[in-house]
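Okay, data_11.txt is below, compact mmCIF, C-alpha atoms and all ligand atoms:
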```txt
# COMPACT_ATOMS: atom_id res chain seq x y z
CA MET Y 22 -49.38 12.31 81.95
CA SER Y 23 -52.10 10.64 84.00
CA LYS Y 24 -51.71 10.52 87.78
CA ARG Y 25 -50.36 7.35 89.34
CA GLY Y 26 -53.18 5.14 90.59
CA LEU Y 27 -54.02 4.59 94.23
CA LEU Y 28 -52.93 1.51 96.13
CA VAL Y 29 -55.88 0.31 98.23
CA VAL Y 30 -55.49 -2.45 100.82
CA ILE Y 31 -58.60 -4.20 102.12
CA SER Y 32 -58.09 -6.46 105.16
CA GLY Y 33 -60.22 -8.01 107.84
CA PRO Y 34 -60.42 -11.31 109.67
CA SER Y 35 -60.89 -14.52 107.76
CA GLY Y 36 -64.61 -15.08 107.11
CA VAL Y 37 -65.66 -11.43 107.46
CA GLY Y 38 -66.83 -11.32 103.85
CA LYS Y 39 -64.02 -9.17 102.41
CA GLY Y 40 -64.27 -10.88 99.05
CA THR Y 41 -68.02 -10.29 98.79
CA VAL Y 42 -67.71 -6.63 99.74
CA ARG Y 43 -64.75 -6.20 97.40
CA ARG Y 44 -66.57 -7.74 94.45
CA GLU Y 45 -69.57 -5.50 95.18
CA PHE Y 46 -67.71 -2.18 95.24
CA MET Y 47 -65.62 -3.20 92.25
CA LYS Y 48 -68.83 -3.17 90.18
CA ASN Y 49 -68.50 0.64 90.26
CA GLU Y 50 -66.55 1.32 87.09
CA ASP Y 51 -66.03 4.99 87.93
CA LEU Y 52 -63.55 3.79 90.56
CA ASN Y 53 -61.13 3.00 87.71
CA ARG Y 54 -60.05 -0.02 89.69
CA CYS Y 55 -58.46 -3.33 89.09
CA TYR Y 56 -57.86 -6.24 91.40
CA SER Y 57 -54.41 -7.53 92.18
CA VAL Y 58 -54.58 -11.32 91.86
CA SER Y 59 -52.35 -12.91 94.52
CA MET Y 60 -50.10 -15.89 94.29
CA THR Y 61 -50.73 -18.76 96.73
CA SER Y 62 -49.52 -22.26 97.50
CA ARG Y 63 -52.98 -23.15 98.84
CA ALA Y 64 -55.00 -25.70 96.82
CA PRO Y 65 -57.90 -24.17 94.84
CA ARG Y 66 -61.36 -24.38 96.48
CA ALA Y 67 -64.31 -25.56 94.43
CA GLY Y 68 -65.17 -22.94 91.82
CA GLU Y 69 -61.91 -20.98 92.13
CA ARG Y 70 -60.21 -20.14 88.86
CA GLU Y 71 -56.54 -19.82 87.99
CA GLY Y 72 -55.55 -16.20 87.30
CA ILE Y 73 -58.90 -14.85 88.49
CA ASP Y 74 -59.09 -15.82 92.15
CA TYR Y 75 -55.39 -16.63 92.59
CA PHE Y 76 -52.32 -17.76 90.73
CA PHE Y 77 -51.98 -21.24 92.22
CA VAL Y 78 -48.36 -22.37 92.53
CA THR Y 79 -46.34 -24.96 94.43
CA ARG Y 80 -44.42 -24.08 97.59
CA GLU Y 81 -41.17 -24.36 95.60
CA GLU Y 82 -42.42 -21.93 92.94
CA PHE Y 83 -43.52 -19.51 95.65
CA GLU Y 84 -40.15 -19.68 97.42
CA LYS Y 85 -38.42 -18.97 94.09
CA ALA Y 86 -40.61 -15.86 93.62
CA ILE Y 87 -39.58 -14.66 97.12
CA GLU Y 88 -35.89 -15.20 96.36
CA GLU Y 89 -36.14 -13.36 93.06
CA GLY Y 90 -37.78 -10.34 94.75
CA LYS Y 91 -40.95 -10.69 92.70
CA LEU Y 92 -43.37 -10.05 95.58
CA LEU Y 93 -44.43 -6.70 97.04
CA GLU Y 94 -45.32 -8.54 100.26
CA TRP Y 95 -45.94 -12.11 101.32
CA THR Y 96 -46.90 -14.15 104.34
CA GLU Y 97 -47.65 -17.65 105.52
CA PHE Y 98 -51.28 -18.05 106.60
CA VAL Y 99 -52.59 -21.29 108.15
CA GLY Y 100 -49.79 -23.28 106.53
CA ASN Y 101 -49.89 -21.75 103.03
CA TYR Y 102 -48.01 -18.96 101.31
CA TYR Y 103 -49.81 -15.89 99.97
CA GLY Y 104 -48.19 -12.92 98.20
CA THR Y 105 -48.73 -9.93 95.92
CA PRO Y 106 -46.90 -9.88 92.56
CA LEU Y 107 -44.91 -6.63 92.49
CA GLU Y 108 -44.56 -6.03 88.75
CA TYR Y 109 -48.30 -6.18 88.07
CA VAL Y 110 -49.18 -3.68 90.81
CA GLU Y 111 -46.52 -1.19 89.72
CA ARG Y 112 -47.44 -1.38 86.05
CA LEU Y 113 -51.15 -0.79 86.66
CA ARG Y 114 -50.51 2.09 89.05
CA ASP Y 115 -48.20 3.66 86.50
CA GLU Y 116 -51.04 3.39 83.97
CA GLY Y 117 -53.22 5.37 86.40
CA LYS Y 118 -55.35 2.46 87.60
CA ASN Y 119 -56.39 2.18 91.25
CA VAL Y 120 -55.13 -1.21 92.39
CA ILE Y 121 -57.13 -3.10 95.02
CA LEU Y 122 -55.39 -5.64 97.25
CA GLU Y 123 -57.37 -7.99 99.46
CA ILE Y 124 -54.78 -9.30 101.89
CA GLU Y 125 -54.28 -10.27 105.52
CA VAL Y 126 -52.88 -7.99 108.21
CA GLU Y 127 -49.18 -8.96 108.25
CA GLY Y 128 -48.81 -8.42 104.52
CA ALA Y 129 -50.68 -5.13 104.89
CA ALA Y 130 -48.16 -4.03 107.54
CA GLN Y 131 -45.29 -4.77 105.12
CA ILE Y 132 -46.96 -2.63 102.45
CA LYS Y 133 -47.58 0.22 104.88
CA ALA Y 134 -43.86 0.23 105.71
CA LYS Y 135 -42.87 0.27 102.01
CA CYS Y 136 -45.57 2.52 100.52
CA PRO Y 137 -46.57 5.33 102.89
CA ASP Y 138 -49.27 6.52 100.47
CA VAL Y 139 -51.25 3.25 100.71
CA LEU Y 140 -54.96 3.60 101.53
CA MET Y 141 -55.67 1.08 104.29
CA ILE Y 142 -59.24 -0.15 104.92
CA PHE Y 143 -60.23 -2.76 107.54
CA ILE Y 144 -63.52 -4.65 107.46
CA THR Y 145 -64.91 -5.85 110.80
CA PRO Y 146 -67.70 -8.33 111.52
CA PRO Y 147 -70.78 -7.13 113.46
CA SER Y 148 -69.58 -9.41 116.32
CA MET Y 149 -67.13 -12.28 116.91
CA GLU Y 150 -70.10 -14.69 117.26
CA GLU Y 151 -71.30 -13.69 113.81
CA LEU Y 152 -67.78 -14.16 112.45
CA GLU Y 153 -67.64 -17.73 113.80
CA ARG Y 154 -71.03 -18.44 112.24
CA ARG Y 155 -69.76 -17.17 108.86
CA ILE Y 156 -66.53 -19.20 109.03
CA ARG Y 157 -68.47 -22.36 109.86
CA GLY Y 158 -71.04 -21.57 107.20
CA ARG Y 159 -68.37 -22.00 104.54
CA ARG Y 160 -68.28 -25.73 105.41
CA THR Y 161 -65.40 -26.52 103.11
CA GLU Y 162 -62.79 -27.03 105.75
CA ALA Y 163 -61.88 -29.52 108.48
CA GLU Y 164 -62.57 -28.57 112.11
CA GLU Y 165 -58.85 -28.18 112.76
CA ILE Y 166 -58.55 -25.56 109.99
CA VAL Y 167 -61.72 -23.81 111.21
CA GLN Y 168 -60.15 -23.56 114.69
CA GLN Y 169 -56.93 -22.16 113.21
CA ARG Y 170 -58.89 -19.59 111.21
CA LEU Y 171 -60.86 -18.55 114.31
CA ALA Y 172 -57.68 -18.13 116.37
CA LYS Y 173 -56.10 -16.19 113.51
CA ALA Y 174 -59.23 -13.99 113.22
CA GLU Y 175 -58.93 -13.02 116.91
CA ARG Y 176 -55.32 -12.00 116.35
CA GLU Y 177 -56.16 -10.18 113.13
CA MET Y 178 -58.70 -8.02 114.93
CA THR Y 179 -55.85 -6.60 117.06
CA TYR Y 180 -54.30 -4.99 113.94
CA VAL Y 181 -57.22 -2.67 113.38
CA GLY Y 182 -55.17 0.33 114.61
CA GLN Y 183 -52.88 0.28 111.55
CA TYR Y 184 -55.82 1.07 109.22
CA LYS Y 185 -57.06 4.51 108.30
CA TYR Y 186 -60.68 3.41 107.82
CA VAL Y 187 -62.72 0.74 109.63
CA ILE Y 188 -65.95 -0.47 108.04
CA CYS Y 189 -68.41 -2.90 109.64
CA ASN Y 190 -69.77 -5.53 107.26
CA GLU Y 191 -73.26 -5.72 108.68
CA GLU Y 192 -74.76 -5.29 105.21
CA VAL Y 193 -72.69 -5.94 102.11
CA ASP Y 194 -74.27 -3.15 100.01
CA LEU Y 195 -73.68 -0.54 102.66
CA ALA Y 196 -70.10 -1.62 103.37
CA ALA Y 197 -69.37 -1.57 99.62
CA GLU Y 198 -70.90 1.88 99.21
CA LEU Y 199 -68.89 3.29 102.11
CA ILE Y 200 -65.66 1.95 100.61
CA SER Y 201 -66.61 3.43 97.22
CA VAL Y 202 -67.10 6.84 98.85
CA ILE Y 203 -63.68 6.61 100.51
CA ILE Y 204 -61.95 5.68 97.24
CA ARG Y 205 -63.73 8.44 95.29
CA ASN Y 206 -62.70 10.95 97.90
CA HIS Y 207 -59.06 9.90 97.64
CA MET Y 208 -59.24 9.97 93.83
CA LYS Y 209 -60.40 13.59 94.03
CA LYS Y 210 -57.52 14.46 96.34
CA GLN Y 211 -55.05 12.70 94.05
CA ASN Y 212 -56.32 14.65 91.04
CA ALA Y 213 -56.23 17.94 92.90
CA GLU Y 214 -52.53 17.52 93.79
P1 LIG P 1 -58.10 -17.62 101.67
O1 LIG P 1 -57.35 -18.90 101.88
O2 LIG P 1 -59.34 -17.56 102.52
O3 LIG P 1 -58.37 -17.32 100.21
O4 LIG P 1 -57.17 -16.43 102.16
C1 LIG P 1 -56.65 -16.42 103.46
C2 LIG P 1 -56.19 -15.02 103.82
O5 LIG P 1 -55.07 -14.65 103.00
C3 LIG P 1 -57.27 -13.95 103.59
O6 LIG P 1 -57.25 -13.07 104.70
C4 LIG P 1 -56.79 -13.26 102.34
O7 LIG P 1 -57.22 -11.90 102.28
C5 LIG P 1 -55.29 -13.33 102.52
N1 LIG P 1 -54.55 -13.12 101.28
C6 LIG P 1 -54.93 -13.40 100.01
N2 LIG P 1 -53.97 -13.03 99.15
C7 LIG P 1 -52.96 -12.50 99.88
C8 LIG P 1 -51.69 -11.90 99.57
O8 LIG P 1 -51.28 -11.78 98.42
N3 LIG P 1 -50.94 -11.47 100.60
C9 LIG P 1 -51.35 -11.56 101.90
N4 LIG P 1 -50.55 -11.06 102.83
N5 LIG P 1 -52.54 -12.10 102.23
C10 LIG P 1 -53.33 -12.56 101.25
```

Show how you would write the structure in this file as C-alpha cells.
Amino acid sequence: MSKRGLLVVISGPSGVGKGTVRREFMKNEDLNRCYSVSMTSRAPRAGEREGIDYFFVTREEFEKAIEEGKLLEWTEFVGNYYGTPLEYVERLRDEGKNVILEIEVEGAAQIKAKCPDVLMIFITPPSMEELERRIRGRRTEAEEIVQQRLAKAEREMTYVGQYKYVICNEEVDLAAELISVIIRNHMKKQNAE
C-alpha cells in the first residue's frame, strides 16, 4: 500500500504573497501534491473561481458545516469564515497525495494540535514596510479593511514560533524552491519509514 501523504501547512501574514509562492512550488509535479480548496463566506474577488480558489458559501451554510463536523479547522478572519473541508484532505492523504493547505495562523494552530505530523511552513515578508506596500498594492479593498489586514498581519507575525520552517519571500522563485526542497526531504523521510 502506498504511504499516507504529507499534510503541509503554509501560513504567513496577509499580503505576504503566500498564494504566489504556493502556486509556483506547486508547478513541481514530482512533489505529488494537491491543493486543499477552502470554504469561505467571503465574497469572491475579481477573477476568483468557485471550486478552484475557494468554495464560496453563505454564513449559514458555513455554520452548518461547522455543526456537522465537516471542517478540519476553521476561523473567522476580518469578518468572514474560512475553513478546511475534512473529508477531502483525509481522502487525498489516504491516496498518498501530499496535501497543501494555505491557511492563517489560528487555523494552523488547530491543525497542529490535531495532527502532530503536520509540516508547518511560515512565509515572512522582507520587512513590515514591504508588507504594507504589498497589501496596499492589491487595491481591491476599502481603507478600513486594509487597516484590519495590517493589524492582523502584525499579530500573525507573532505566531512564527509554532512553525518548523520560516522562509522569507524576498524572491518568489527562491522561496518556492526552498519550500520544494523541504517537501522533498520530508517525502524521502516518509518513504524511508
Ligand atoms: P483571503 O481573504 O486573502 O483569501 O484570505 C484571508 C486569510 O485566510 C489568508 O491568510 C488565507 O491564507 C486564510 N485562509 C484561507 N483559507 C483558509 C482556511 O481554510 N482556514 C484558515 N484558517 N484560513 C484560511

Do you know which residues are within 6 Å of ligand LIG 1 (chain P) using only C-alpha atoms and all ligand atoms? Can you write them as a list of chain:residue names?
Y:Ser35, Y:Ser59, Y:Met60, Y:Trp95, Y:Thr96, Y:Tyr103, Y:Gly104, Y:Thr105, Y:Glu123, Y:Ile124, Y:Glu125, Y:Glu127, Y:Gly128

With distances taken over all atoms listed in the file, which of Y:Val187, Y:Ile87, Y:Ala213, Y:Val30 is nearest to Leu199 (chain Y)?
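Of Y:Val187, Y:Ile87, Y:Ala213, Y:Val30, the one nearest Leu199 (chain Y) is Y:Val187, counting all atoms listed in the file.
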
For CA of Ala197 (chain Y) and CA of Phe46 (chain Y), determine how far apart the two atoms are, in Å to one decimal place.
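So the answer is 4.7 Å.
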
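Distances here use only C-alpha atoms; by that measure, the residue among Y:Val139, Y:Ile156, Y:Ile31, Y:Leu93 closest to Gln169 (chain Y) is Y:Ile156.
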
Please provide as a VMD selection string all residues within 8 Å of Ile188 (chain Y), with the sequence filter that same-chain residues fewer than 2 positions apart are discarded (counting all atoms listed in the file).
chain Y and resid 142 to 145 186 190 196 199 to 200

Give me, as a PDB file with C-alpha atoms, keeping the file's coordinate frame, all polymer residues having an atom no more than 9 Å from Glu198 (chain Y), counting only C-alpha atoms and skipping those fewer than 4 positions away in the same chain.
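What landed in selection-v2.pdb:
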```
ATOM      1  CA  GLU Y  45     -69.570  -5.500  95.180  1.00  0.00           C
ATOM      2  CA  PHE Y  46     -67.710  -2.180  95.240  1.00  0.00           C
ATOM      3  CA  VAL Y 193     -72.690  -5.940 102.110  1.00  0.00           C
ATOM      4  CA  ASP Y 194     -74.270  -3.150 100.010  1.00  0.00           C
ATOM      5  CA  VAL Y 202     -67.100   6.840  98.850  1.00  0.00           C
ATOM      6  CA  ILE Y 203     -63.680   6.610 100.510  1.00  0.00           C
TER       7      ILE Y 203
END
```

Find the residues with any atom within 12 Å of (-49.3, 5.7, 103.9); use all atoms listed in the file and the coordinates as given in the file, and write the answer as a PyMOL selection string.
chain Y and resi 27-30+129-142+183-185

Would you kindly return, as a VMD selection string, each protein, DNA or RNA residue with an atom no farther than 8 Å from any atom of Gly26 (chain Y), considering only C-alpha atoms and excluding same-chain residues fewer than 3 positions away?
chain Y and resid 113 to 120

Calculate how many Å separate CA of Ala86 (chain Y) from CA of Arg70 (chain Y), rounding to one decimal.
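Pair CA of Ala86 (chain Y) / CA of Arg70 (chain Y) returns 20.6 Å.
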
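As for CA of Asn101 (chain Y) and CA of Phe76 (chain Y), they are spaced 13.2 Å apart.
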
Using all atoms listed in the file, can you tell me which of Y:Val181, Y:Thr161, Y:Ala172, Y:Ile121 comes closest to Met47 (chain Y)?
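Selected residue with least distance to Met47 (chain Y): Y:Ile121.
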
Between Y:Arg176, Y:Arg63, Y:Lys39, Y:Arg157, smallest distance to Arg80 (chain Y) by all atoms listed in the file belongs to Y:Arg63

Neighbour list for Glu89 (chain Y) as a PyMOL selection string, cut-off 12 Å, only C-alpha atoms, skip fewer than 6 positions in-chain:
chain Y and resi 82-83+106-108

Create the file for the chosen residues now, containing C-alpha atoms and written as a PDB file, in the coordinates of the input.
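result20.pdb, freshly written:
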```pdb
ATOM      1  CA  GLU Y  82     -42.420 -21.930  92.940  1.00  0.00           C
ATOM      2  CA  PHE Y  83     -43.520 -19.510  95.650  1.00  0.00           C
ATOM      3  CA  PRO Y 106     -46.900  -9.880  92.560  1.00  0.00           C
ATOM      4  CA  LEU Y 107     -44.910  -6.630  92.490  1.00  0.00           C
ATOM      5  CA  GLU Y 108     -44.560  -6.030  88.750  1.00  0.00           C
TER       6      GLU Y 108
END
```

Given all atoms listed in the file as the basis, pick out the residue of Y:Val42, Y:Ala64, Y:Leu152, Y:Val110 nearest to Val167 (chain Y).
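Distance minimum relative to Val167 (chain Y) lands on Y:Leu152.
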
Y:Cys189, Y:Val99, Y:Leu122, Y:Val78 ranked by distance to Arg44 (chain Y), top pick (using only C-alpha atoms):
Y:Leu122
